[in-house]
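So this block is coords-v3.cif, mmCIF, C-alpha atoms:
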```
data_upload
loop_
_atom_site.label_atom_id
_atom_site.label_comp_id
_atom_site.auth_asym_id
_atom_site.auth_seq_id
_atom_site.Cartn_x
_atom_site.Cartn_y
_atom_site.Cartn_z
CA MET A 1470 140.68 194.34 213.72
CA SER A 1471 143.33 193.73 211.15
CA SER A 1472 145.42 196.61 209.90
CA THR A 1473 145.25 195.22 206.38
CA THR A 1474 144.34 197.90 203.87
CA VAL A 1475 144.31 198.20 200.14
CA ALA A 1476 146.20 201.49 200.29
CA ASN A 1477 149.53 200.47 198.82
CA MET A 1478 148.02 199.08 195.67
CA ASP A 1479 149.16 200.18 192.27
CA SER A 1480 147.02 203.25 191.67
CA SER A 1481 147.34 203.04 187.90
CA SER A 1482 145.27 199.86 187.69
CA LYS A 1483 141.82 199.20 189.08
CA VAL A 1484 141.36 197.39 192.38
CA ARG A 1485 140.44 193.77 191.72
CA VAL A 1486 137.26 192.89 193.62
CA ALA A 1487 135.56 189.49 193.88
CA THR A 1488 132.25 188.54 195.48
CA VAL A 1489 131.36 185.00 196.54
CA TRP A 1490 127.97 183.48 197.34
CA LEU A 1491 128.00 180.63 199.88
CA SER A 1492 125.04 179.59 202.08
CA GLY A 1493 122.97 182.75 201.92
CA CYS A 1494 119.88 184.04 200.17
CA ALA A 1495 121.63 186.47 197.75
CA GLY A 1496 120.14 189.36 199.71
CA CYS A 1497 123.63 190.70 200.46
CA HIS A 1498 124.43 190.72 196.74
CA MET A 1499 121.15 192.54 196.15
CA SER A 1500 122.22 195.09 198.75
CA PHE A 1501 125.60 195.41 197.00
CA LEU A 1502 123.77 196.24 193.75
CA ASP A 1503 121.43 198.52 195.66
CA GLN A 1504 124.25 201.09 195.99
CA ASP A 1505 122.52 202.66 192.99
CA GLU A 1506 124.42 205.55 191.44
CA LYS A 1507 127.22 205.17 193.96
CA ILE A 1508 128.17 201.94 192.22
CA VAL A 1509 129.09 204.02 189.17
CA ASP A 1510 131.70 205.91 191.18
CA LEU A 1511 132.87 202.64 192.62
CA ALA A 1512 133.15 201.11 189.15
CA LYS A 1513 135.69 203.78 188.20
CA GLN A 1514 138.01 202.38 190.86
CA ILE A 1515 137.25 198.68 190.92
CA GLN A 1516 137.04 195.78 188.54
CA VAL A 1517 134.78 192.87 189.50
CA VAL A 1518 136.90 189.87 188.53
CA TYR A 1519 134.76 187.12 190.00
CA SER A 1520 131.14 187.08 191.21
CA PRO A 1521 127.81 185.33 190.73
CA LEU A 1522 127.00 188.54 188.84
CA VAL A 1523 129.71 188.03 186.20
CA ASP A 1524 130.47 185.06 183.98
CA VAL A 1525 133.77 183.81 185.39
CA LYS A 1526 134.00 180.17 186.44
CA GLU A 1527 137.32 180.00 188.28
CA PHE A 1528 138.32 182.17 191.23
CA PRO A 1529 141.24 184.20 189.79
CA GLU A 1530 144.67 184.83 191.32
CA ASN A 1531 145.69 188.15 192.92
CA VAL A 1532 142.36 189.49 194.06
CA ASP A 1533 142.61 192.64 196.18
CA VAL A 1534 139.26 192.57 198.00
CA THR A 1535 136.87 189.63 198.31
CA LEU A 1536 133.39 190.02 199.75
CA ILE A 1537 131.83 186.75 200.85
CA GLU A 1538 128.12 186.34 201.47
CA GLY A 1539 126.76 183.32 203.33
CA SER A 1540 128.04 180.76 205.78
CA VAL A 1541 129.94 177.53 205.15
CA ALA A 1542 127.44 174.66 205.16
CA ASN A 1543 128.95 172.02 202.87
CA ASP A 1544 132.31 170.61 201.74
CA GLU A 1545 132.31 172.46 198.43
CA GLN A 1546 131.84 175.82 200.16
CA LEU A 1547 134.70 174.91 202.49
CA GLU A 1548 136.99 174.49 199.45
CA VAL A 1549 135.72 177.69 197.81
CA LEU A 1550 136.34 179.70 200.98
CA LYS A 1551 139.86 178.35 201.51
CA ASP A 1552 140.71 178.96 197.85
CA ALA A 1553 139.33 182.51 197.99
CA ARG A 1554 141.33 183.21 201.13
CA THR A 1555 144.66 182.17 199.62
CA LYS A 1556 144.03 184.27 196.51
CA SER A 1557 142.70 187.42 198.25
CA ARG A 1558 144.59 190.17 200.05
CA VAL A 1559 141.56 191.41 201.99
CA LEU A 1560 138.66 189.13 202.86
CA ILE A 1561 135.37 190.58 204.09
CA SER A 1562 132.49 188.70 205.75
CA LEU A 1563 129.42 190.22 204.14
CA GLY A 1564 126.15 189.91 206.03
CA ASP A 1565 124.83 187.98 209.03
CA CYS A 1566 125.18 184.48 207.50
CA ALA A 1567 128.88 185.02 206.88
CA VAL A 1568 129.37 186.71 210.26
CA THR A 1569 127.13 184.64 212.58
CA GLY A 1570 125.69 181.73 210.57
CA ASN A 1571 122.25 183.31 210.91
CA VAL A 1572 119.31 181.29 209.52
CA THR A 1573 121.59 178.75 207.86
CA ALA A 1574 123.11 177.87 211.25
CA LEU A 1575 119.81 177.31 213.06
CA ARG A 1576 120.14 173.60 212.26
CA ASN A 1577 123.24 173.50 214.50
CA SER A 1578 120.95 173.05 217.50
CA TRP A 1579 120.40 169.45 216.39
CA GLU A 1580 123.08 166.90 217.22
CA ASN A 1581 123.43 165.33 213.73
CA SER A 1582 121.99 168.29 211.94
CA ASP A 1583 123.57 167.40 208.57
CA LYS A 1584 121.49 164.20 208.45
CA GLU A 1585 118.42 165.49 210.24
CA VAL A 1586 117.75 168.46 207.94
CA LEU A 1587 117.96 166.24 204.86
CA GLU A 1588 115.68 163.62 206.42
CA ARG A 1589 113.20 166.34 207.28
CA ALA A 1590 113.37 168.01 203.88
CA TYR A 1591 113.32 164.94 201.66
CA LYS A 1592 111.85 162.03 203.62
CA SER A 1593 109.03 163.50 205.58
CA PRO A 1594 106.17 162.71 205.36
CA GLU A 1595 107.58 159.24 204.87
CA ASP A 1596 104.93 157.90 202.52
CA LEU A 1597 106.29 160.11 199.75
CA GLN A 1598 108.83 158.07 197.83
CA ALA A 1599 111.48 160.69 197.96
CA ALA A 1600 115.22 160.07 198.26
CA ILE A 1601 117.99 162.21 199.63
CA PRO A 1602 120.02 163.55 196.70
CA ASN A 1603 123.59 162.24 196.57
CA MET A 1604 124.98 164.19 193.63
CA VAL A 1605 125.25 167.42 195.60
CA PRO A 1606 128.01 168.60 197.97
CA LYS A 1607 127.98 166.91 201.37
CA LEU A 1608 126.65 168.96 204.27
CA LEU A 1609 129.04 169.67 207.14
CA ILE A 1610 127.85 168.56 210.58
CA LYS A 1611 127.67 172.22 211.67
CA THR A 1612 127.21 175.35 209.58
CA LYS A 1613 130.01 177.77 210.38
CA PRO A 1614 130.63 181.50 210.03
CA LEU A 1615 133.69 182.33 207.88
CA HIS A 1616 136.03 183.43 210.67
CA GLU A 1617 135.78 180.03 212.36
CA ILE A 1618 137.55 178.59 209.30
CA VAL A 1619 139.82 181.27 207.79
CA LYS A 1620 141.20 184.65 208.81
CA VAL A 1621 138.69 187.40 208.09
CA ASP A 1622 139.87 191.01 207.81
CA PHE A 1623 136.59 192.94 208.05
CA TYR A 1624 133.03 192.20 209.08
CA ILE A 1625 129.87 193.80 207.70
CA PRO A 1626 126.94 192.35 209.68
CA GLY A 1627 123.32 192.92 208.70
CA CYS A 1628 120.49 190.92 207.15
CA PRO A 1629 121.16 192.32 204.68
CA PRO A 1630 123.80 194.97 205.43
CA SER A 1631 122.60 198.31 204.07
CA ALA A 1632 123.89 199.41 200.68
CA ASP A 1633 125.28 202.53 202.35
CA LEU A 1634 127.28 200.46 204.82
CA ILE A 1635 128.76 198.29 202.05
CA ASN A 1636 129.60 201.45 200.14
CA TYR A 1637 131.15 203.04 203.24
CA VAL A 1638 133.43 200.04 203.91
CA LEU A 1639 134.55 199.76 200.28
CA THR A 1640 135.10 203.51 199.94
CA GLU A 1641 137.17 203.63 203.12
CA LEU A 1642 139.27 200.67 202.01
CA LEU A 1643 139.83 202.20 198.58
CA ALA A 1644 140.97 205.41 200.30
CA GLY A 1645 143.47 203.37 202.29
CA LYS A 1646 141.61 203.84 205.57
CA THR A 1647 140.34 201.34 208.13
CA PRO A 1648 136.52 201.49 208.34
CA ASN A 1649 135.21 202.31 211.82
CA MET A 1650 132.20 200.08 212.44
CA GLU A 1651 131.24 201.43 215.88
CA GLY A 1652 127.55 202.36 215.83
CA LYS A 1653 127.26 201.56 212.11
CA ALA A 1654 126.86 197.79 211.84
CA LYS A 1655 123.52 196.28 212.71
CA TYR A 1656 122.75 192.60 213.16
CA GLY A 1657 119.44 191.49 211.72
CA MET B 335 113.00 209.36 258.16
CA SER B 336 115.89 211.78 258.38
CA GLU B 337 117.00 213.53 255.23
CA LYS B 338 119.91 211.80 253.56
CA SER B 339 123.17 213.71 253.50
CA MET B 340 124.87 214.60 250.25
CA ILE B 341 128.24 213.20 249.25
CA THR B 342 130.61 214.22 246.49
CA LEU B 343 132.70 211.96 244.27
CA LYS B 344 134.44 212.09 240.89
CA ILE B 345 133.08 210.25 237.85
CA ASP B 346 135.27 210.39 234.76
CA GLY B 347 137.03 213.41 236.25
CA ILE B 348 133.79 215.30 236.84
CA GLN B 349 132.92 216.32 240.39
CA VAL B 350 129.37 215.17 241.19
CA SER B 351 127.19 215.49 244.25
CA VAL B 352 124.55 212.87 245.09
CA SER B 353 122.59 211.80 248.15
CA GLU B 354 124.10 209.04 250.25
CA GLY B 355 123.13 205.54 249.15
CA THR B 356 122.82 206.44 245.46
CA THR B 357 124.37 203.83 243.19
CA ILE B 358 127.31 204.75 240.96
CA LEU B 359 125.08 204.02 237.96
CA LYS B 360 122.38 206.46 239.09
CA ALA B 361 124.95 209.09 240.08
CA ALA B 362 126.53 208.85 236.63
CA LYS B 363 123.19 208.90 234.82
CA ASP B 364 121.96 211.94 236.76
CA ASN B 365 125.10 213.73 235.60
CA GLY B 366 124.78 212.81 231.96
CA ILE B 367 127.23 209.89 231.95
CA LEU B 368 125.62 206.80 230.45
CA ILE B 369 127.02 203.41 231.45
CA PRO B 370 125.84 200.44 229.32
CA THR B 371 123.47 198.08 231.16
CA LEU B 372 121.28 195.07 230.39
CA CYS B 373 119.97 193.53 233.60
CA ASP B 374 119.39 196.89 235.29
CA LEU B 375 115.94 198.45 235.15
CA GLU B 376 114.98 201.51 237.14
CA GLY B 377 112.47 200.60 239.82
CA LEU B 378 113.68 197.01 240.19
CA THR B 379 116.14 195.69 242.77
CA PRO B 380 119.69 195.78 241.35
CA TYR B 381 120.92 192.35 240.30
CA GLY B 382 124.47 192.91 239.01
CA GLY B 383 124.25 189.90 236.74
CA CYS B 384 125.11 191.10 233.25
CA ARG B 385 128.46 192.73 234.19
CA LEU B 386 128.16 195.36 231.47
CA CYS B 387 128.15 198.25 233.92
CA LEU B 388 131.50 197.31 235.50
CA VAL B 389 133.51 200.42 236.40
CA GLU B 390 136.98 201.11 237.77
CA VAL B 391 137.44 202.72 241.17
CA THR B 392 140.82 204.34 241.80
CA GLY B 393 142.75 202.49 244.48
CA SER B 394 141.09 199.12 243.94
CA PRO B 395 142.27 196.40 241.56
CA LYS B 396 138.70 195.06 241.45
CA LEU B 397 135.98 196.18 239.07
CA PHE B 398 132.60 197.13 240.51
CA PRO B 399 129.10 196.73 239.02
CA ALA B 400 127.88 200.34 238.93
CA CYS B 401 124.24 199.27 239.33
CA ALA B 402 124.82 197.56 242.66
CA THR B 403 127.63 199.66 244.18
CA PRO B 404 126.73 202.69 246.30
CA ALA B 405 128.66 205.86 245.60
CA ASN B 406 131.07 206.72 248.41
CA LEU B 407 132.53 209.99 249.57
CA GLY B 408 135.69 210.86 247.65
CA MET B 409 135.43 207.92 245.23
CA GLU B 410 137.13 208.33 241.86
CA VAL B 411 135.24 206.33 239.25
CA THR B 412 136.23 205.62 235.64
CA THR B 413 133.37 204.41 233.45
CA ASN B 414 134.82 204.18 229.96
CA SER B 415 138.51 203.19 229.88
CA GLU B 416 139.92 201.08 227.03
CA ARG B 417 140.04 198.11 229.40
CA LEU B 418 136.35 198.49 230.27
CA LYS B 419 135.40 198.94 226.61
CA ASN B 420 137.18 195.70 225.78
CA TYR B 421 135.53 193.85 228.66
CA ARG B 422 132.11 195.12 227.58
CA LYS B 423 132.68 193.95 224.02
CA MET B 424 133.76 190.58 225.38
CA THR B 425 130.69 190.36 227.63
CA ILE B 426 128.37 191.08 224.71
CA GLN B 427 130.14 188.41 222.68
CA MET B 428 129.80 185.86 225.47
CA LEU B 429 126.10 186.66 225.81
CA MET B 430 125.64 186.23 222.06
CA ALA B 431 127.61 182.99 222.01
CA GLU B 432 125.85 181.42 225.00
CA ARG B 433 122.50 180.74 223.30
CA VAL B 434 120.90 181.19 219.88
CA HIS B 435 120.91 184.91 219.12
CA MET B 436 120.04 185.27 215.44
CA CYS B 437 118.54 188.73 215.05
CA ALA B 438 117.08 188.23 211.57
CA VAL B 439 114.66 185.56 212.80
CA CYS B 440 113.93 187.03 216.23
CA VAL B 441 110.62 188.58 217.22
CA ALA B 442 112.50 191.45 218.93
CA ASN B 443 114.62 192.40 215.90
CA ASP B 444 115.22 196.18 216.06
CA HIS B 445 113.70 196.34 219.54
CA CYS B 446 116.37 194.36 221.36
CA GLU B 447 118.73 195.84 223.93
CA LEU B 448 121.41 193.20 223.34
CA GLN B 449 121.35 193.87 219.58
CA ALA B 450 121.43 197.63 220.18
CA LEU B 451 124.40 197.35 222.54
CA ALA B 452 126.29 195.08 220.13
CA ASN B 453 125.80 197.68 217.41
CA GLN B 454 126.62 200.60 219.66
CA LEU B 455 129.82 199.03 221.02
CA GLY B 456 130.93 197.90 217.55
CA VAL B 457 130.77 194.17 218.25
CA ASN B 458 130.72 193.22 214.57
CA HIS B 459 131.50 189.55 215.11
CA VAL B 460 131.68 186.99 217.90
CA GLU B 461 135.13 185.52 218.45
CA PHE B 462 133.88 182.61 220.54
CA GLU B 463 132.35 179.54 218.99
CA ARG B 464 128.61 179.85 219.34
CA ASN B 465 126.63 177.45 221.45
CA PHE B 466 123.44 176.29 219.74
CA THR B 467 121.05 175.41 222.53
CA ARG B 468 117.77 173.52 222.37
CA GLU B 469 116.10 174.90 225.46
CA PRO B 470 112.35 174.26 225.70
CA ILE B 471 109.97 176.85 224.23
CA ASP B 472 106.73 177.20 226.18
CA SER B 473 103.70 178.55 224.32
CA SER B 474 101.08 176.86 226.51
CA HIS B 475 99.89 180.18 227.96
CA ASP B 476 97.00 181.95 226.25
CA PHE B 477 99.17 184.77 224.98
CA LEU B 478 102.57 184.76 226.75
CA VAL B 479 105.40 182.83 225.10
CA ILE B 480 108.91 182.09 226.37
CA ASP B 481 111.74 181.05 224.05
CA ARG B 482 114.55 180.21 226.47
CA ASN B 483 117.08 180.01 223.63
CA ARG B 484 116.98 183.80 223.44
CA CYS B 485 117.16 184.34 227.21
CA ILE B 486 120.21 186.15 228.59
CA LEU B 487 119.31 185.38 232.23
CA CYS B 488 119.09 189.04 233.25
CA THR B 489 116.21 188.10 235.64
CA ARG B 490 114.29 191.29 234.91
CA CYS B 491 111.15 189.17 234.41
CA VAL B 492 111.72 187.30 237.68
CA ARG B 493 112.21 190.56 239.58
CA VAL B 494 109.28 192.41 238.01
CA CYS B 495 107.00 189.44 238.71
CA ASP B 496 108.11 189.30 242.33
CA LYS B 497 108.61 192.95 243.27
CA ILE B 498 106.05 194.80 241.17
CA GLU B 499 103.28 192.35 240.37
CA GLY B 500 103.93 190.63 243.70
CA VAL B 501 103.15 187.05 242.67
CA HIS B 502 106.60 185.50 242.03
CA THR B 503 105.38 183.14 239.32
CA LEU B 504 108.75 183.26 237.60
CA ASP B 505 112.01 182.01 239.04
CA LEU B 506 115.17 180.20 237.98
CA LYS B 507 116.18 176.56 238.02
CA LYS B 508 119.57 174.91 237.43
CA ARG B 509 122.89 176.73 237.46
CA SER B 510 125.28 178.54 235.14
CA LYS B 511 124.66 178.24 231.39
CA ASP B 512 121.92 175.65 231.98
CA THR B 513 119.86 178.10 234.04
CA GLU B 514 116.23 178.29 232.97
CA VAL B 515 113.41 180.68 233.77
CA ILE B 516 110.53 178.57 235.13
CA MET B 517 106.91 179.16 236.15
CA ASP B 518 105.71 178.15 239.63
CA LEU B 519 107.34 174.83 240.60
CA ASP B 520 108.46 174.18 237.01
CA GLU B 521 104.94 174.04 235.61
CA SER B 522 104.09 174.79 232.00
CA TRP B 523 103.03 178.42 231.71
CA GLY B 524 99.49 177.48 230.75
CA ASN B 525 99.15 175.44 233.95
CA SER B 526 100.61 178.08 236.22
CA CYS B 527 98.00 178.94 238.86
CA SER B 528 99.79 182.03 240.16
CA CYS B 529 100.40 183.87 236.85
CA THR B 530 98.04 186.83 236.59
CA GLY B 531 98.79 187.43 232.90
CA CYS B 532 99.89 191.00 233.66
CA ARG B 533 102.43 190.96 230.77
CA LYS B 534 105.08 192.88 232.72
CA CYS B 535 107.63 190.11 232.07
CA ALA B 536 107.24 190.59 228.31
CA LYS B 537 107.47 194.35 228.65
CA VAL B 538 110.73 194.30 230.59
CA CYS B 539 112.45 191.50 228.65
CA PRO B 540 115.45 193.22 227.00
CA VAL B 541 115.58 190.60 224.24
CA GLY B 542 112.97 188.47 222.47
CA ALA B 543 112.79 185.67 225.07
CA ILE B 544 109.35 186.53 226.46
CA TYR B 545 106.83 187.98 224.06
CA ILE B 546 103.09 188.32 223.57
CA GLU B 547 101.51 186.21 220.89
CA GLY B 548 99.50 188.18 218.39
CA GLU B 549 100.89 191.52 219.52
CA SER B 550 103.59 193.37 217.63
CA ILE B 551 106.82 193.87 219.51
CA THR B 552 106.53 197.65 219.05
CA GLN B 553 103.27 197.53 220.94
CA THR B 554 104.72 195.37 223.70
CA LYS B 555 107.85 197.43 224.20
CA HIS B 556 106.87 200.95 223.16
CA ARG B 557 105.75 202.18 226.58
CA ASP B 558 108.37 203.55 228.89
CA VAL B 559 108.45 200.52 231.16
CA ALA B 560 110.96 201.95 233.61
CA GLU B 561 108.80 205.00 234.17
CA PHE B 562 105.76 202.84 234.68
CA ILE B 563 107.47 200.62 237.22
CA THR B 564 109.03 203.51 239.08
CA ALA B 565 105.63 205.22 239.26
CA ARG B 566 103.97 202.06 240.59
CA ARG B 567 106.72 201.61 243.13
CA ASN B 568 106.55 205.19 244.40
CA SER B 569 102.76 205.16 244.67
CA LYS B 570 102.58 202.20 247.03
#
```
Can you dump the structure from the file as C-alpha cells?
Amino acid sequence: MSSTTVANMDSSSKVRVATVWLSGCAGCHMSFLDQDEKIVDLAKQIQVVYSPLVDVKEFPENVDVTLIEGSVANDEQLEVLKDARTKSRVLISLGDCAVTGNVTALRNSWENSDKEVLERAYKSPEDLQAAIPNMVPKLLIKTKPLHEIVKVDFYIPGCPPSADLINYVLTELLAGKTPNMEGKAKYG
Amino acid sequence: MSEKSMITLKIDGIQVSVSEGTTILKAAKDNGILIPTLCDLEGLTPYGGCRLCLVEVTGSPKLFPACATPANLGMEVTTNSERLKNYRKMTIQMLMAERVHMCAVCVANDHCELQALANQLGVNHVEFERNFTREPIDSSHDFLVIDRNRCILCTRCVRVCDKIEGVHTLDLKKRSKDTEVIMDLDESWGNSCSCTGCRKCAKVCPVGAIYIEGESITQTKHRDVAEFITARRNSK
C-alpha cells in the first residue's frame, strides 16, 4: 500500500475532499452520508469541493482526497477518472464496483460485451421498434476497476462499504496515519 | 494395531508433542496455532491443492503444505512469516482473479470461506487482471445447482462424494484453469444415475459454487460439517 498520507497538509485550512460517481448504484455515497453524526465532526475538518451531492460542475484543481465510487464502463468515465487522478493527491477506490468491477463487470464474461449488453437491453425482444441510443458515452469493451487504469492509493471494498469503515479510513488519513484494513474490509 | 509413538517438534517457536503421522496442520491446530486453509476439511483425505497452508521448515528452501505434510521429530516449523503472509495474499488474489468472484451477487455472500479469508488477510484489492469465465451452470438436478464460475477447484465436493457418501458421482475433467467439476461421465446433474442427492457436496463447498435451490445458504452451511464427516468416518 502506498505511503501517501494527507498529514503534511496546511492545518489552517480544511482538507479538500471530492467524491465521484462512476458506474455504481450510489449505494457507496449513501453509506458515506450514513456516517450520521460523525459526519458533523468530519465536516469540521473537510470541505467537499466536488461531488454528486454538491452543485459543482467541473472537477477542481488541488484536491487532497478523492473518493471514487463505481467502475469505469464508458469513455466519459475514463476521462473523468484520469482527470480526477491528476488533480488529486490521494485517490481512494470506494466500494466493490471501484475495487473489483462487481455487478457492472459481470458483462465482461461476454466477448463483445459492449455491443451485446446494448443489444440485449434495447433490441430484445426484436419486434419492439427500439434503437440503441447514440447520444450517450460509448461503452468500453470491458468494465474495469479503477486500479487497472490509474494508480489508486487506498481501497475500501464492500457493497456498500460500511459507514464506519469509510469514517475510519477518512479519520485515519486526516490524522496523518495509514489505515490498517486487515480484518476490516469486507467484499460484498 | 500398536499404539503410535509421540514425537516432539517446534511450531512457531513453541515445543509441541503429537503422535507420529499427525500432519503439521493438525499439530498446529491442536496447539492453538491456526493456519489458513481452503481445500482442507477434517475427515477428508488431504489434497494440498489450495496452497494456503504452506509453511516454512527450517533447513529446507522448499515450502510445505501443512495439511499434507506429516510432522517429523525435531522439525522447526514457521507458519506465519512475512513471506508466507505475502504468498497467502497472492494466492487469495489468484483464486479471486481466476473465475468470477463477485460477492455482492453470490448466493454464499457472508458464508464464504474465500471471502472470509480475503477479509481476514486484508486482501482489499486484486492486483491481477480478473478473468471473466463463462463456465456452464448446471441446474438440471431437482435441487442441487453448480455454478462453475464460482468454483475454486478445492475438490472438497469430489472427495466427500467419493470418501464419505461412497458413490463418486463428482470428478474433474480438463486441466489447469479449464478444470471443471463433472457428474458421472460428464452427464448433466439431472441425468446422473449415481447421484444420491445427499447434499454433502453443497454442505462442504467453501464458496457458492454448489448450492441447494430453495434453501437458504445459512441452512445449508450452518451445521458443523467437519464434525459430521469426522463422526461418520469414525463410526464406520
Name every residue that the PyMOL selection byres ((chain B) within 9 of (chain A)) selects in this structure, writing the answer as a compact mmCIF listing (two decimals) with C-alpha atoms, in the coordinates of the input with chains first and numbers rising.
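Writing the result to out.txt gives the following:
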```
# COMPACT_ATOMS: atom_id res chain seq x y z
CA VAL B 434 120.90 181.19 219.88
CA HIS B 435 120.91 184.91 219.12
CA MET B 436 120.04 185.27 215.44
CA CYS B 437 118.54 188.73 215.05
CA ALA B 438 117.08 188.23 211.57
CA VAL B 439 114.66 185.56 212.80
CA CYS B 440 113.93 187.03 216.23
CA ASN B 443 114.62 192.40 215.90
CA ASP B 444 115.22 196.18 216.06
CA GLN B 449 121.35 193.87 219.58
CA ALA B 450 121.43 197.63 220.18
CA LEU B 451 124.40 197.35 222.54
CA ALA B 452 126.29 195.08 220.13
CA ASN B 453 125.80 197.68 217.41
CA GLN B 454 126.62 200.60 219.66
CA LEU B 455 129.82 199.03 221.02
CA GLY B 456 130.93 197.90 217.55
CA VAL B 457 130.77 194.17 218.25
CA ASN B 458 130.72 193.22 214.57
CA HIS B 459 131.50 189.55 215.11
CA VAL B 460 131.68 186.99 217.90
CA GLU B 461 135.13 185.52 218.45
CA PHE B 462 133.88 182.61 220.54
CA GLU B 463 132.35 179.54 218.99
CA ARG B 464 128.61 179.85 219.34
CA ASN B 465 126.63 177.45 221.45
CA PHE B 466 123.44 176.29 219.74
CA THR B 467 121.05 175.41 222.53
CA ARG B 468 117.77 173.52 222.37
```
* On this file, the PyMOL selection byres ((chain A and resi 1516-1521) around 10) gives some set of residues; write that set as a VMD selection string. => chain A and resid 1482 to 1490 1495 1498 1511 to 1515 1522 to 1537
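Interatomic distance, CA of Gly1496 (chain A) to CA of Ser1631 (chain A): 10.3 Å.
Take the candidates A:Thr1612, A:Glu1538, A:Ser1492, A:Glu1548 and check each one against Ile1635 (chain A) using all atoms listed in the file; the shortest distance goes to A:Glu1538.
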* Name all residues at most 8 Å from region 476-481 of chain B (count all atoms listed in the file; drop same-chain ones fewer than 5 positions away) and give them as an NGL selection string. => :B and (469-471 or 524 or 531 or 533 or 536 or 542-548)
Report as a short mmCIF file (atom, residue, chain, number, x, y, z; two decimals) with C-alpha atoms, keeping the file's coordinate frame the full result of the PyMOL selection byres ((chain B and resi 375) around 12) when it is applied to this structure.
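out-v2.cif, written as the output of this step:
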```cif
data_model
loop_
_atom_site.label_atom_id
_atom_site.label_comp_id
_atom_site.auth_asym_id
_atom_site.auth_seq_id
_atom_site.Cartn_x
_atom_site.Cartn_y
_atom_site.Cartn_z
CA LEU B 359 125.08 204.02 237.96
CA LYS B 360 122.38 206.46 239.09
CA PRO B 370 125.84 200.44 229.32
CA THR B 371 123.47 198.08 231.16
CA LEU B 372 121.28 195.07 230.39
CA CYS B 373 119.97 193.53 233.60
CA ASP B 374 119.39 196.89 235.29
CA GLU B 376 114.98 201.51 237.14
CA GLY B 377 112.47 200.60 239.82
CA LEU B 378 113.68 197.01 240.19
CA THR B 379 116.14 195.69 242.77
CA PRO B 380 119.69 195.78 241.35
CA TYR B 381 120.92 192.35 240.30
CA GLY B 382 124.47 192.91 239.01
CA CYS B 384 125.11 191.10 233.25
CA CYS B 401 124.24 199.27 239.33
CA ALA B 402 124.82 197.56 242.66
CA GLU B 447 118.73 195.84 223.93
CA CYS B 488 119.09 189.04 233.25
CA THR B 489 116.21 188.10 235.64
CA ARG B 490 114.29 191.29 234.91
CA CYS B 491 111.15 189.17 234.41
CA ARG B 493 112.21 190.56 239.58
CA VAL B 494 109.28 192.41 238.01
CA LYS B 537 107.47 194.35 228.65
CA VAL B 538 110.73 194.30 230.59
CA CYS B 539 112.45 191.50 228.65
CA PRO B 540 115.45 193.22 227.00
CA ASP B 558 108.37 203.55 228.89
CA VAL B 559 108.45 200.52 231.16
CA ALA B 560 110.96 201.95 233.61
CA GLU B 561 108.80 205.00 234.17
CA PHE B 562 105.76 202.84 234.68
CA ILE B 563 107.47 200.62 237.22
CA THR B 564 109.03 203.51 239.08
#
```
* Point-to-point distance from CA of Asp364 (chain B) to CA of Gln553 (chain B), Å rounded to tenths -> 28.4 Å
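With CA of Ile1508 (chain A) on one side and CA of Val1549 (chain A) on the other, the separation reads 26.0 Å.
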Taking all atoms of region 362-367 of chain B that appear in the file, build a box with edges along x, y and z, extend it by 4 Å on every side, and state its centre and edge lengths in Å to one decimal, as AutoDock Vina command-line options.
```
--center_x 124.6 --center_y 211.3 --center_z 234.4 --size_x 13.3 --size_y 12.9 --size_z 12.8
```
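Excluding Asn1543 (chain A) itself and same-chain residues fewer than 6 positions from it, the residues having an atom within 7 Å of it are A:Pro1606, A:Lys1607, A:Leu1608, A:Leu1609, counting all atoms listed in the file.
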